[in-house]
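Asker: Dropping in target-v7.txt, with compact mmCIF, C-alpha atoms.
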```txt
# COMPACT_ATOMS: atom_id res chain seq x y z
CA MET A 1 54.44 -16.64 11.17
CA LEU A 2 55.39 -15.37 14.63
CA ASN A 3 53.13 -12.36 14.13
CA LYS A 4 50.07 -14.49 13.42
CA VAL A 5 47.36 -15.15 15.98
CA ILE A 6 46.91 -18.83 16.79
CA VAL A 7 43.23 -19.66 17.19
CA SER A 8 41.14 -22.77 17.75
CA SER A 9 37.97 -24.05 16.07
CA GLU A 10 35.82 -21.68 18.14
CA GLU A 11 36.70 -18.38 19.77
CA TRP A 12 35.08 -15.41 21.49
CA CYS A 13 35.75 -12.12 19.74
CA THR A 14 34.68 -8.47 19.84
CA LEU A 15 33.18 -6.23 17.15
CA PRO A 16 33.85 -2.81 18.69
CA SER A 17 32.59 -0.67 15.78
CA LEU A 18 29.19 -2.38 16.05
CA GLY A 19 29.08 -2.13 19.83
CA ILE A 20 29.24 -5.92 20.32
CA PRO A 21 31.43 -6.57 23.39
CA THR A 22 31.70 -10.32 22.90
CA ILE A 23 30.31 -12.94 20.54
CA LYS A 24 31.17 -16.60 19.98
CA ALA A 25 32.44 -17.38 16.48
CA ARG A 26 32.96 -20.60 14.58
CA VAL A 27 36.42 -20.48 13.01
CA ASP A 28 36.07 -22.16 9.62
CA SER A 29 38.89 -22.01 7.09
CA GLY A 30 36.69 -24.03 4.72
CA ALA A 31 34.29 -21.11 4.40
CA LYS A 32 35.36 -18.24 2.15
CA THR A 33 33.24 -15.44 3.62
CA SER A 34 32.49 -14.46 7.21
CA ALA A 35 28.93 -14.04 8.45
CA LEU A 36 27.14 -12.38 11.35
CA HIS A 37 23.70 -13.28 12.66
CA ALA A 38 21.35 -10.36 11.93
CA VAL A 39 17.59 -9.80 11.87
CA ASN A 40 15.40 -6.82 10.93
CA ILE A 41 17.93 -5.90 8.24
CA ALA A 42 17.02 -2.61 6.56
CA PRO A 43 19.09 -0.53 4.11
CA PHE A 44 19.06 3.27 4.37
CA GLU A 45 21.00 6.30 3.15
CA LYS A 46 23.34 8.33 5.36
CA ASN A 47 25.39 11.32 4.14
CA GLY A 48 24.84 10.19 0.56
CA GLU A 49 26.17 6.67 1.23
CA ASN A 50 24.40 3.31 1.48
CA TRP A 51 24.13 2.04 5.04
CA VAL A 52 22.29 -0.85 6.63
CA LYS A 53 20.76 -1.17 10.10
CA PHE A 54 20.08 -4.50 11.77
CA ASP A 55 19.56 -6.22 15.11
CA VAL A 56 21.98 -8.80 16.52
CA ASN A 57 21.06 -11.42 19.13
CA PRO A 58 24.63 -12.09 20.31
CA ILE A 59 23.79 -14.99 22.64
CA GLN A 60 22.67 -18.28 21.13
CA ASN A 61 19.01 -19.22 21.84
CA ASN A 62 18.29 -15.78 23.31
CA VAL A 63 16.16 -13.51 21.13
CA LYS A 64 15.26 -11.11 23.96
CA THR A 65 18.79 -9.72 24.16
CA ALA A 66 19.16 -7.60 21.03
CA LEU A 67 21.75 -5.02 20.00
CA HIS A 68 20.73 -2.40 17.44
CA CYS A 69 23.60 -1.89 14.99
CA GLU A 70 24.29 0.04 11.82
CA ALA A 71 27.19 0.05 9.37
CA ARG A 72 28.13 1.29 5.92
CA MET A 73 27.14 -1.20 3.24
CA ILE A 74 29.98 -2.04 0.88
CA ASP A 75 28.27 -4.64 -1.31
CA LYS A 76 25.34 -6.96 -1.95
CA ARG A 77 26.44 -10.48 -2.73
CA ILE A 78 25.01 -13.92 -3.55
CA VAL A 79 26.35 -16.38 -0.96
CA LYS A 80 25.94 -20.15 -1.20
CA SER A 81 25.62 -21.89 2.16
CA SER A 82 27.07 -25.31 3.05
CA SER A 83 23.62 -26.81 2.38
CA GLY A 84 23.59 -25.34 -1.15
CA TYR A 85 21.07 -22.57 -0.40
CA ARG A 86 21.82 -19.36 -2.35
CA GLU A 87 20.99 -16.05 -0.65
CA LEU A 88 21.50 -12.38 -1.52
CA ARG A 89 23.21 -10.77 1.48
CA TYR A 90 24.28 -7.28 2.48
CA VAL A 91 28.03 -6.96 3.11
CA ILE A 92 29.57 -4.60 5.66
CA GLN A 93 33.14 -3.85 6.73
CA THR A 94 33.86 -3.61 10.44
CA GLU A 95 36.66 -3.95 12.99
CA LEU A 96 37.38 -7.36 14.53
CA ASP A 97 39.19 -7.74 17.87
CA LEU A 98 40.54 -11.26 18.30
CA GLY A 99 42.72 -11.88 21.34
CA GLY A 100 43.70 -8.21 21.55
CA THR A 101 44.65 -7.92 17.87
CA GLN A 102 42.42 -5.72 15.68
CA TRP A 103 41.89 -5.55 11.94
CA GLU A 104 39.12 -4.78 9.43
CA ILE A 105 37.07 -7.64 8.03
CA GLU A 106 34.08 -8.06 5.72
CA LEU A 107 30.92 -9.60 7.16
CA THR A 108 27.79 -10.77 5.36
CA LEU A 109 24.52 -10.33 7.27
CA THR A 110 22.16 -13.28 7.52
CA ASN A 111 19.81 -15.06 9.90
CA ARG A 112 21.87 -17.75 11.66
CA ASP A 113 19.16 -18.96 14.06
CA SER A 114 19.46 -22.46 12.64
CA MET A 115 23.28 -22.47 13.11
CA GLY A 116 25.25 -23.30 16.25
CA TYR A 117 27.16 -20.00 16.26
CA ARG A 118 26.07 -16.39 15.93
CA MET A 119 29.17 -15.63 13.86
CA LEU A 120 31.28 -17.46 11.29
CA LEU A 121 34.90 -16.41 10.71
CA GLY A 122 35.94 -17.42 7.18
CA ARG A 123 39.34 -17.66 5.54
CA GLU A 124 39.21 -14.27 3.74
CA ALA A 125 39.07 -12.54 7.14
CA MET A 126 41.90 -14.71 8.50
CA SER A 127 44.26 -14.67 5.53
CA GLY A 128 47.80 -13.62 6.48
CA ARG A 129 46.85 -12.99 10.13
CA VAL A 130 45.67 -16.25 11.69
CA LEU A 131 46.81 -19.85 12.17
CA VAL A 132 44.12 -22.39 13.10
CA ASP A 133 44.57 -25.33 15.46
CA PRO A 134 41.32 -27.23 14.78
CA GLU A 135 41.77 -29.63 17.73
CA LYS A 136 41.65 -26.87 20.34
CA HIS A 137 38.80 -24.78 21.78
CA PHE A 138 38.94 -21.19 23.06
CA LEU A 139 42.74 -20.80 22.95
CA LEU A 140 42.23 -17.03 23.40
CA GLY A 141 40.08 -17.52 26.49
CA GLN A 142 36.36 -17.10 27.05
CA PRO A 143 34.24 -14.74 29.15
CA THR A 144 32.81 -15.98 32.41
CA PRO A 145 29.01 -16.24 32.81
CA GLU A 146 29.28 -13.24 35.14
CA LYS A 147 31.06 -11.22 32.46
CA ILE A 148 28.42 -12.13 29.84
CA LYS A 149 25.72 -11.12 32.30
CA GLU A 150 27.51 -7.83 32.87
CA TYR A 151 27.72 -7.21 29.11
CA TYR A 152 24.20 -8.19 28.15
CA TYR A 153 21.86 -8.52 31.09
CA THR A 154 22.44 -5.29 32.99
CA ASN A 155 21.19 -1.88 31.91
CA VAL A 156 18.59 -3.57 29.72
CA THR A 157 15.79 -1.08 29.24
CA GLU A 158 12.28 -2.40 28.91
CA LYS A 159 10.69 -1.68 25.56
CA LYS A 160 7.76 0.69 25.80
CA GLY A 161 6.38 0.33 22.30
CA LEU A 162 4.32 -2.37 20.63
CA ARG A 163 5.90 -5.42 19.04
CA ILE A 164 4.79 -5.28 15.39
CA GLY A 165 5.58 -7.73 12.59
CA LEU A 166 5.48 -6.80 8.91
CA LEU A 167 4.42 -9.90 6.95
CA ALA A 168 5.86 -9.47 3.46
CA SER A 169 8.33 -10.91 0.96
CA ASN A 170 10.77 -8.13 0.05
CA PRO A 171 12.35 -5.86 2.70
CA ASP A 172 13.76 -3.59 -0.03
CA LEU A 173 10.38 -2.44 -1.36
CA TYR A 174 9.68 1.25 -0.72
CA SER A 175 6.37 0.52 1.03
CA ASN A 176 7.90 -2.07 3.38
CA LYS A 177 10.87 0.13 4.26
CA ARG A 178 8.59 3.08 4.99
CA ILE A 179 6.34 1.04 7.29
CA MET A 180 9.37 -0.24 9.22
CA GLU A 181 10.73 3.31 9.54
CA ALA A 182 7.37 4.76 10.60
CA GLY A 183 6.89 2.14 13.32
CA GLU A 184 10.39 2.67 14.69
CA ALA A 185 9.95 6.45 14.59
CA ARG A 186 6.87 6.07 16.79
CA GLY A 187 8.80 3.98 19.33
CA HIS A 188 7.66 0.49 18.39
CA GLU A 189 9.68 -2.70 17.99
CA MET A 190 9.40 -3.53 14.30
CA HIS A 191 10.24 -6.93 12.80
CA PHE A 192 10.29 -7.81 9.11
CA LEU A 193 8.88 -11.33 8.80
CA ASN A 194 9.50 -12.96 5.43
CA LEU A 195 6.43 -15.06 4.61
CA LYS A 196 8.58 -17.83 3.16
CA TYR A 197 10.48 -18.24 6.43
CA CYS A 198 7.34 -18.64 8.58
CA TYR A 199 5.70 -21.97 9.34
CA MET A 200 2.88 -23.01 11.65
CA LYS A 201 2.19 -25.53 14.38
CA LEU A 202 -1.50 -26.41 14.58
CA ASP A 203 -2.21 -27.79 18.02
CA ALA A 204 -5.27 -27.58 20.32
CA ASN A 205 -3.18 -26.88 23.41
CA GLN A 206 -0.15 -25.00 22.11
CA PRO A 207 -0.52 -23.51 18.61
CA GLU A 208 2.60 -21.70 17.42
CA ILE A 209 4.17 -19.81 14.55
CA HIS A 210 7.86 -20.49 13.98
CA TYR A 211 10.43 -18.56 11.98
CA ARG A 212 13.46 -19.80 10.13
CA GLY A 213 15.73 -21.53 12.66
CA GLY A 214 12.95 -22.42 15.09
CA ARG A 215 12.33 -18.99 16.61
CA VAL A 216 8.77 -18.84 18.00
CA LEU A 217 6.74 -15.77 16.95
CA ASN A 218 3.93 -15.96 19.50
CA ASP A 219 4.78 -12.74 21.36
CA PHE A 220 3.66 -10.13 18.78
CA ASP A 221 1.06 -7.48 19.53
CA ALA A 222 0.16 -6.84 15.89
CA VAL A 223 1.02 -7.80 12.32
CA ILE A 224 0.74 -5.83 9.08
CA PRO A 225 0.12 -8.23 6.17
CA ARG A 226 1.58 -7.07 2.84
CA ILE A 227 0.99 -10.24 0.85
CA ARG A 228 2.03 -10.48 -2.78
CA PRO A 229 -0.60 -12.10 -5.07
CA SER A 230 1.45 -15.27 -5.64
CA MET A 231 1.53 -15.81 -1.85
CA THR A 232 -2.16 -15.08 -1.16
CA TYR A 233 -3.17 -18.58 -0.05
CA TYR A 234 -0.22 -19.16 2.28
CA GLY A 235 -0.03 -15.55 3.46
CA CYS A 236 -3.71 -15.54 4.45
CA ALA A 237 -3.36 -18.90 6.22
CA LEU A 238 -0.46 -17.45 8.19
CA THR A 239 -2.39 -14.26 9.01
CA ARG A 240 -5.33 -16.40 10.23
CA HIS A 241 -2.96 -18.30 12.51
CA PHE A 242 -1.68 -15.04 14.01
CA GLU A 243 -5.31 -14.00 14.54
CA SER A 244 -6.03 -17.30 16.34
CA LEU A 245 -3.17 -16.42 18.71
CA LYS A 246 -4.99 -13.13 19.50
CA VAL A 247 -2.51 -11.05 17.50
CA PHE A 248 -4.15 -7.98 15.95
CA SER A 249 -3.93 -7.91 12.15
CA LEU A 250 -4.24 -4.53 10.46
CA ASN A 251 -6.09 -6.25 7.60
CA ASN A 252 -7.57 -9.59 8.58
CA ALA A 253 -7.17 -12.74 6.49
CA ALA A 254 -10.85 -12.98 5.48
CA ALA A 255 -10.84 -9.40 4.15
CA ILE A 256 -7.63 -9.94 2.17
CA THR A 257 -8.92 -13.20 0.70
CA GLN A 258 -12.15 -11.68 -0.59
CA SER A 259 -10.38 -8.56 -1.91
CA ARG A 260 -8.15 -10.80 -4.06
CA ASP A 261 -11.19 -12.39 -5.72
CA LYS A 262 -12.13 -9.70 -8.24
CA LEU A 263 -15.53 -11.19 -9.08
CA TYR A 264 -16.56 -11.81 -5.47
CA SER A 265 -15.33 -8.37 -4.39
CA LEU A 266 -17.43 -6.69 -7.12
CA GLN A 267 -20.48 -8.68 -6.00
CA LEU A 268 -19.88 -7.57 -2.40
CA LEU A 269 -19.53 -3.95 -3.45
CA LEU A 270 -22.75 -4.04 -5.47
CA ASN A 271 -24.58 -5.62 -2.52
CA ASN A 272 -23.42 -2.67 -0.42
CA GLY A 273 -24.69 -0.06 -2.88
CA VAL A 274 -21.37 0.86 -4.54
CA ASP A 275 -21.64 1.66 -8.27
CA ILE A 276 -19.21 -0.04 -10.66
CA PRO A 277 -18.81 -0.05 -14.47
CA THR A 278 -21.17 -2.58 -16.09
CA THR A 279 -19.36 -5.92 -15.86
CA GLY A 280 -19.93 -9.37 -17.34
CA PHE A 281 -18.58 -12.76 -16.38
CA ALA A 282 -18.99 -16.04 -18.24
CA ASN A 283 -17.43 -19.46 -18.57
CA SER A 284 -18.27 -20.47 -22.13
CA PRO A 285 -16.89 -19.11 -25.44
CA LEU A 286 -20.37 -19.73 -26.91
CA ASP A 287 -21.63 -16.75 -24.90
CA THR A 288 -19.07 -14.32 -26.29
CA ASN A 289 -21.44 -12.23 -28.45
CA ASP A 290 -24.06 -11.80 -25.74
CA LEU A 291 -21.32 -11.07 -23.20
CA ILE A 292 -20.04 -8.21 -25.37
CA LYS A 293 -23.57 -6.91 -25.88
CA MET A 294 -24.27 -7.15 -22.14
CA VAL A 295 -21.63 -4.49 -21.29
CA GLY A 296 -22.64 -2.10 -24.09
CA GLY A 297 -20.50 -3.43 -26.91
CA SER A 298 -17.01 -2.38 -27.93
CA PRO A 299 -14.73 -0.79 -26.96
CA LEU A 300 -14.53 -2.80 -23.74
CA ILE A 301 -12.04 -3.97 -21.13
CA VAL A 302 -11.12 -7.63 -20.63
CA LYS A 303 -9.54 -8.49 -17.25
CA LEU A 304 -7.96 -11.65 -15.92
CA LEU A 305 -9.43 -12.43 -12.50
CA GLU A 306 -5.95 -13.19 -11.16
CA GLY A 307 -4.24 -10.14 -12.72
CA THR A 308 -2.53 -7.50 -10.53
CA GLN A 309 -0.95 -4.07 -10.93
CA GLY A 310 -2.49 -3.57 -14.37
CA LYS A 311 -1.23 -6.90 -15.75
CA GLY A 312 -3.82 -9.04 -17.50
CA VAL A 313 -5.96 -6.00 -18.50
CA VAL A 314 -6.66 -5.57 -22.23
CA LEU A 315 -8.59 -2.91 -24.17
CA ALA A 316 -10.54 -4.36 -27.11
CA GLU A 317 -11.45 -1.46 -29.39
CA THR A 318 -13.65 -3.37 -31.84
CA LYS A 319 -16.16 -6.23 -31.59
CA LYS A 320 -13.85 -8.49 -33.58
CA ALA A 321 -10.92 -7.69 -31.30
CA ALA A 322 -13.10 -8.31 -28.25
CA GLU A 323 -14.17 -11.72 -29.55
CA SER A 324 -10.55 -12.67 -30.26
CA VAL A 325 -9.28 -11.63 -26.83
CA ILE A 326 -12.15 -13.29 -24.93
CA ASN A 327 -11.87 -16.55 -26.85
CA ALA A 328 -8.08 -16.56 -26.48
CA PHE A 329 -8.37 -16.26 -22.71
CA LYS A 330 -11.14 -18.86 -22.63
CA SER A 331 -9.01 -21.34 -24.60
CA LEU A 332 -6.47 -21.08 -21.77
CA ASN A 333 -9.21 -21.81 -19.21
CA ALA A 334 -8.56 -18.39 -17.67
CA ASN A 335 -11.29 -16.73 -15.61
CA ILE A 336 -12.08 -13.29 -17.02
CA LEU A 337 -14.23 -10.25 -16.46
CA VAL A 338 -15.56 -8.13 -19.34
CA GLN A 339 -16.20 -4.50 -18.41
CA GLU A 340 -17.54 -1.41 -20.15
CA PHE A 341 -14.86 1.08 -21.23
CA ILE A 342 -15.24 4.56 -19.74
CA LYS A 343 -13.88 6.63 -22.62
CA GLU A 344 -14.54 10.02 -20.96
CA ALA A 345 -12.10 9.13 -18.14
CA ASN A 346 -9.32 9.83 -20.66
CA GLY A 347 -6.85 7.36 -19.14
CA LYS A 348 -7.20 8.81 -15.64
CA ASP A 349 -8.41 7.39 -12.35
CA ILE A 350 -8.34 8.34 -8.68
CA ARG A 351 -6.60 6.35 -5.93
CA CYS A 352 -8.08 7.04 -2.49
CA PHE A 353 -6.05 5.70 0.41
CA VAL A 354 -8.44 4.67 3.19
CA ILE A 355 -7.17 3.96 6.70
CA ASP A 356 -9.50 3.09 9.56
CA GLY A 357 -12.57 4.49 7.84
CA LYS A 358 -11.04 7.78 6.64
CA VAL A 359 -9.61 8.93 3.31
CA VAL A 360 -6.14 10.05 4.43
CA ALA A 361 -4.84 10.94 0.94
CA ALA A 362 -5.87 10.88 -2.71
CA ILE A 363 -4.06 11.16 -6.02
CA GLN A 364 -5.01 11.23 -9.67
CA ARG A 365 -3.17 8.67 -11.79
CA GLU A 366 -2.73 9.30 -15.49
CA ALA A 367 -1.75 6.80 -18.14
CA LEU A 368 1.19 7.22 -20.48
CA PRO A 369 0.34 8.48 -24.01
CA GLY A 370 -1.18 5.59 -25.95
CA GLU A 371 -2.16 3.68 -22.79
CA PHE A 372 -5.81 3.40 -21.73
CA ARG A 373 -5.35 2.62 -18.03
CA ALA A 374 -3.57 4.72 -15.41
CA ASN A 375 -0.92 2.64 -13.68
CA ILE A 376 2.14 3.93 -11.81
CA HIS A 377 3.75 0.46 -11.96
CA LEU A 378 3.70 0.70 -15.75
CA GLY A 379 5.07 4.23 -15.96
CA GLY A 380 1.97 6.35 -15.32
CA THR A 381 2.13 9.64 -13.42
CA ALA A 382 0.55 10.70 -10.13
CA SER A 383 -0.59 14.13 -8.98
CA ILE A 384 -2.55 15.61 -6.07
CA ILE A 385 -6.28 15.90 -6.58
CA LYS A 386 -9.14 17.15 -4.45
CA VAL A 387 -11.77 14.43 -4.33
CA THR A 388 -15.46 15.22 -4.05
CA ALA A 389 -17.60 14.33 -1.04
CA GLU A 390 -19.31 11.65 -3.14
CA GLU A 391 -15.95 10.09 -4.12
CA LYS A 392 -14.85 10.05 -0.49
CA LYS A 393 -18.13 8.41 0.46
CA ILE A 394 -17.66 5.71 -2.18
CA ALA A 395 -14.08 5.01 -1.05
CA ILE A 396 -15.06 4.71 2.62
CA LYS A 397 -18.12 2.58 1.81
CA ALA A 398 -16.01 0.27 -0.38
CA ALA A 399 -13.34 -0.26 2.32
CA LYS A 400 -16.09 -0.93 4.87
CA ALA A 401 -17.87 -3.38 2.56
CA MET A 402 -14.61 -5.30 2.15
CA ASN A 403 -13.90 -5.05 5.91
CA LEU A 404 -10.46 -3.56 5.22
CA LYS A 405 -8.82 -1.18 7.69
CA VAL A 406 -6.25 -0.26 5.02
CA ALA A 407 -7.32 -0.07 1.39
CA GLY A 408 -6.37 1.53 -1.89
CA VAL A 409 -9.68 2.33 -3.56
CA ASP A 410 -9.60 3.08 -7.30
CA ILE A 411 -12.37 5.30 -8.66
CA ILE A 412 -13.05 6.49 -12.22
CA ARG A 413 -15.01 9.58 -13.20
CA SER A 414 -17.70 8.85 -15.79
CA SER A 415 -20.67 10.62 -17.34
CA LYS A 416 -22.82 8.61 -14.92
CA GLY A 417 -20.82 9.89 -11.92
CA PRO A 418 -17.95 8.28 -9.99
CA LEU A 419 -17.63 4.49 -10.42
CA LEU A 420 -15.52 2.10 -8.40
CA LEU A 421 -12.90 0.09 -10.29
CA GLU A 422 -11.08 -1.94 -7.67
CA VAL A 423 -10.17 -2.25 -3.98
CA ASN A 424 -6.57 -3.18 -3.13
CA SER A 425 -5.75 -4.71 0.28
CA SER A 426 -1.97 -4.10 -0.02
CA PRO A 427 -1.77 -0.68 -1.71
CA GLY A 428 1.66 0.72 -2.52
CA LEU A 429 2.88 3.85 -0.73
CA GLU A 430 5.53 5.22 -3.08
CA GLY A 431 3.28 7.01 -5.58
CA ILE A 432 0.88 8.50 -3.05
CA GLU A 433 3.53 9.56 -0.51
CA GLY A 434 5.67 11.04 -3.27
CA ALA A 435 2.80 13.06 -4.75
CA THR A 436 1.17 14.23 -1.50
CA ASN A 437 4.19 14.35 0.89
CA LYS A 438 1.96 12.75 3.50
CA ASP A 439 3.18 10.19 6.02
CA ILE A 440 0.82 7.37 4.99
CA ALA A 441 3.00 4.73 6.68
CA GLY A 442 2.70 6.67 9.93
CA GLU A 443 -1.10 6.70 9.58
CA MET A 444 -1.05 2.90 9.28
CA ILE A 445 0.92 2.65 12.52
CA LYS A 446 -1.53 5.04 14.20
CA ALA A 447 -4.40 2.72 13.23
CA ILE A 448 -2.66 -0.09 15.15
CA GLU A 449 -2.09 2.23 18.11
CA LYS A 450 -5.77 3.17 18.10
CA ASN A 451 -6.74 -0.50 18.41
CA PHE A 452 -4.59 -0.76 21.55
CA LYS A 453 -5.74 2.69 22.83
CA TRP A 454 -2.06 3.62 22.73
```
Please rewrite the model in this file as structure tokens.
Answerer:
Amino acid sequence: MLNKVIVSSEEWCTLPSLGIPTIKARVDSGAKTSALHAVNIAPFEKNGENWVKFDVNPIQNNVKTALHCEARMIDKRIVKSSSGYRELRYVIQTELDLGGTQWEIELTLTNRDSMGYRMLLGREAMSGRVLVDPEKHFLLGQPTPEKIKEYYYTNVTEKKGLRIGLLASNPDLYSNKRIMEAGEARGHEMHFLNLKYCYMKLDANQPEIHYRGGRVLNDFDAVIPRIRPSMTYYGCALTRHFESLKVFSLNNAAAITQSRDKLYSLQLLLNNGVDIPTTGFANSPLDTNDLIKMVGGSPLIVKLLEGTQGKGVVLAETKKAAESVINAFKSLNANILVQEFIKEANGKDIRCFVIDGKVVAAIQREALPGEFRANIHLGGTASIIKVTAEEKKIAIKAAKAMNLKVAGVDIIRSSKGPLLLEVNSSPGLEGIEGATNKDIAGEMIKAIEKNFKW
């Protein structure tokens, strides 16, 4: 017992391995795990091991003072907070210095903006080493305001890059990680903003966007929306609010909204002289026969309007099969498109990646044996292809018609010439970067820089 450190309910400590000279911690023997406030959390690989990098705002209510840290990741763990909220957190091991005594502890990384302390010291970290006197405060002493100023407010270098937010849902996705890396590599301050943690204040005099814990997000130069289909409505509303605050959006909300409406987007493309496979749309099962006839009969493709990444796309090889599929979807009150099947494409299509009016890369996607539609998400393959001048022209015209600065344009080769299948406002990077070895994420960052004449 004599060898144990006696601490109070709150103490200042040091995390030397992370380069944190002092941070105030809540000492809580009722909590099992310890936690550290962290934002911009991003996993990466170093010397064949899993590491994680993150930013720490060590002073409460001060987001301008940020320390950039990295540590070896030892685990990913579901942690239940005192309010009952369950969260998957990265776990690191680092050295703790408490009153001059050092030992290794495990820390989970999470956003603690809504908490009163930037760090929580739980019982696992204290076991066998600490005795707690809950009635006392700062038994081990506390730094003076001058000392804190010396630690955190001197030698602060002004950031020279842009402040860019990535609006998305999953920081672990390849595309999101690559965009964060590309922005940081070009000297910008990158922030991953989880759509679910953002909320808006609509006010004539002082409109704001807040993040989990009350942090105000009004000081961004640009945002990159990567909105999953299930979050389209809210994600676009949020992007519009950023735009109203004069924040540049790489793809604006209006363009994303119309790109997600497959029927409207096809009408826009046709109005701008872009050829598509013959397509039908109807709202009554009574029109099934004429609908099939309208697109040249079977075989034909039936698509759900709300489908994404190849889901909700069915090949009907016979008239009877087509009638069954269409009527089944109609009975569910699902909006559908019926489209001619381009047999000569042989399960292949072309993905052109358009950024700022230029085709920066292109790949050919090929379906698995037995599949009719090329789709990397469903196991298809990707390879480099040289696109024709006409295919480039179609891709650029399609992105322009949709008013998208970043677009994945899908084209199919038919006996009638190249036809446009679809325009994606949040195209994935993994397949195209892997096949072409091109830095597509870097090109996206350059498009933002161009807007600011960087």
Asker: Could you tell me which of A:Ala25, A:Met190, A:Val423, A:Ile342 comes closest to Asn176 in chain A if we count only C-alpha atoms?
Answerer: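 Checking each of A:Ala25, A:Met190, A:Val423, A:Ile342 against Asn176 in chain A, counting only C-alpha atoms, the winner is A:Met190.
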Asker: Rounded to one decimal in Å, what is the spacing between CA of Arg129 in chain A and CA of Pro58 in chain A?
Answerer: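 Distance between the two atoms: 24.5 Å.
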Asker: Hey, can you check how far CA of Glu323 in chain A sits from CA of Asn289 in chain A?
Answerer: 7.4 Å
Asker: Between CA of Ser9 in chain A and CA of Glu70 in chain A, what is the distance, to one decimal in Å?
Answerer: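 Result for CA of Ser9 in chain A versus CA of Glu70 in chain A: 28.0 Å, one decimal.
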Asker: When distances are computed from all atoms listed in the file, which of A:Arg112, A:Arg413, A:Lys80, A:Arg226 shows the smallest separation from Thr388 in chain A?
Answerer: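 Of all the options, A:Arg413 lies closest to Thr388 in chain A.
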Asker: Show which residues sit within 7 Å of Phe54 in chain A, as a PyMOL selection string. Count only C-alpha atoms, and ignore same-chain residues fewer than 4 positions away.
Answerer: chain A and resi 38-42+68-70
Asker: Keeping only C-alpha atoms, take the residues you just selected and write them out as a compact mmCIF listing (two decimals), in the frame of the given file.
Answerer:
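The file below, selection12.txt, is the result:
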```txt
# COMPACT_ATOMS: atom_id res chain seq x y z
CA ALA A 38 21.35 -10.36 11.93
CA VAL A 39 17.59 -9.80 11.87
CA ASN A 40 15.40 -6.82 10.93
CA ILE A 41 17.93 -5.90 8.24
CA ALA A 42 17.02 -2.61 6.56
CA HIS A 68 20.73 -2.40 17.44
CA CYS A 69 23.60 -1.89 14.99
CA GLU A 70 24.29 0.04 11.82
```
Asker: Which residue is closest to Lys319 in chain A? Choose from A:Thr288, A:Ser34, A:Asn50, A:Gln364 and count all atoms listed in the file.
Answerer: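 Of all the options, A:Thr288 lies closest to Lys319 in chain A.
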Asker: List every protein, DNA or RNA residue that has at least one atom no more than 12 Å from (26.4, -10.5, 28.6) in the file's coordinates, counting all atoms listed in the file, and write the result as a PDB file with C-alpha atoms, keeping the file's coordinate frame.
Answerer:
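For reference, part-v3.pdb as written:
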```
ATOM      1  CA  ILE A  20      29.240  -5.920  20.320  1.00  0.00           C
ATOM      2  CA  PRO A  21      31.430  -6.570  23.390  1.00  0.00           C
ATOM      3  CA  THR A  22      31.700 -10.320  22.900  1.00  0.00           C
ATOM      4  CA  ILE A  23      30.310 -12.940  20.540  1.00  0.00           C
ATOM      5  CA  LYS A  24      31.170 -16.600  19.980  1.00  0.00           C
ATOM      6  CA  ASN A  57      21.060 -11.420  19.130  1.00  0.00           C
ATOM      7  CA  PRO A  58      24.630 -12.090  20.310  1.00  0.00           C
ATOM      8  CA  ILE A  59      23.790 -14.990  22.640  1.00  0.00           C
ATOM      9  CA  GLN A  60      22.670 -18.280  21.130  1.00  0.00           C
ATOM     10  CA  ASN A  62      18.290 -15.780  23.310  1.00  0.00           C
ATOM     11  CA  THR A  65      18.790  -9.720  24.160  1.00  0.00           C
ATOM     12  CA  ALA A  66      19.160  -7.600  21.030  1.00  0.00           C
ATOM     13  CA  LEU A  67      21.750  -5.020  20.000  1.00  0.00           C
ATOM     14  CA  PRO A 143      34.240 -14.740  29.150  1.00  0.00           C
ATOM     15  CA  THR A 144      32.810 -15.980  32.410  1.00  0.00           C
ATOM     16  CA  PRO A 145      29.010 -16.240  32.810  1.00  0.00           C
ATOM     17  CA  GLU A 146      29.280 -13.240  35.140  1.00  0.00           C
ATOM     18  CA  LYS A 147      31.060 -11.220  32.460  1.00  0.00           C
ATOM     19  CA  ILE A 148      28.420 -12.130  29.840  1.00  0.00           C
ATOM     20  CA  LYS A 149      25.720 -11.120  32.300  1.00  0.00           C
ATOM     21  CA  GLU A 150      27.510  -7.830  32.870  1.00  0.00           C
ATOM     22  CA  TYR A 151      27.720  -7.210  29.110  1.00  0.00           C
ATOM     23  CA  TYR A 152      24.200  -8.190  28.150  1.00  0.00           C
ATOM     24  CA  TYR A 153      21.860  -8.520  31.090  1.00  0.00           C
ATOM     25  CA  THR A 154      22.440  -5.290  32.990  1.00  0.00           C
ATOM     26  CA  ASN A 155      21.190  -1.880  31.910  1.00  0.00           C
ATOM     27  CA  VAL A 156      18.590  -3.570  29.720  1.00  0.00           C
TER      28      VAL A 156
END
```
Asker: Closest to Ala395 in chain A among A:Ile445, A:Leu337, A:Leu269, A:Ala322, using only C-alpha atoms?
Answerer: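 Closest to Ala395 in chain A of all the choices is A:Leu269.
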Asker: Have a look at A:Asn271, A:Ser8, A:Pro418, A:Phe138 and name the one nearest to Ala389 in chain A; count all atoms listed in the file.
Answerer: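 So, comparing all the options, the nearest one is A:Pro418.
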Asker: With all atoms listed in the file as the atoms that count, which of A:Arg178, A:Lys196, A:Lys405, A:Lys160 lies nearest to Arg228 in chain A?
Answerer: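 Using all atoms listed in the file, Arg228 in chain A sits closest to A:Lys196.
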Asker: List the spatial neighbours of Ile363 in chain A as an MDAnalysis selection string - criterion: any atom at most 12 Å away, all atoms listed in the file, same-chain residues fewer than 4 positions off excluded.
Answerer: chainID A and resid 348:353 359 374:376 381:387 408:412 429:438
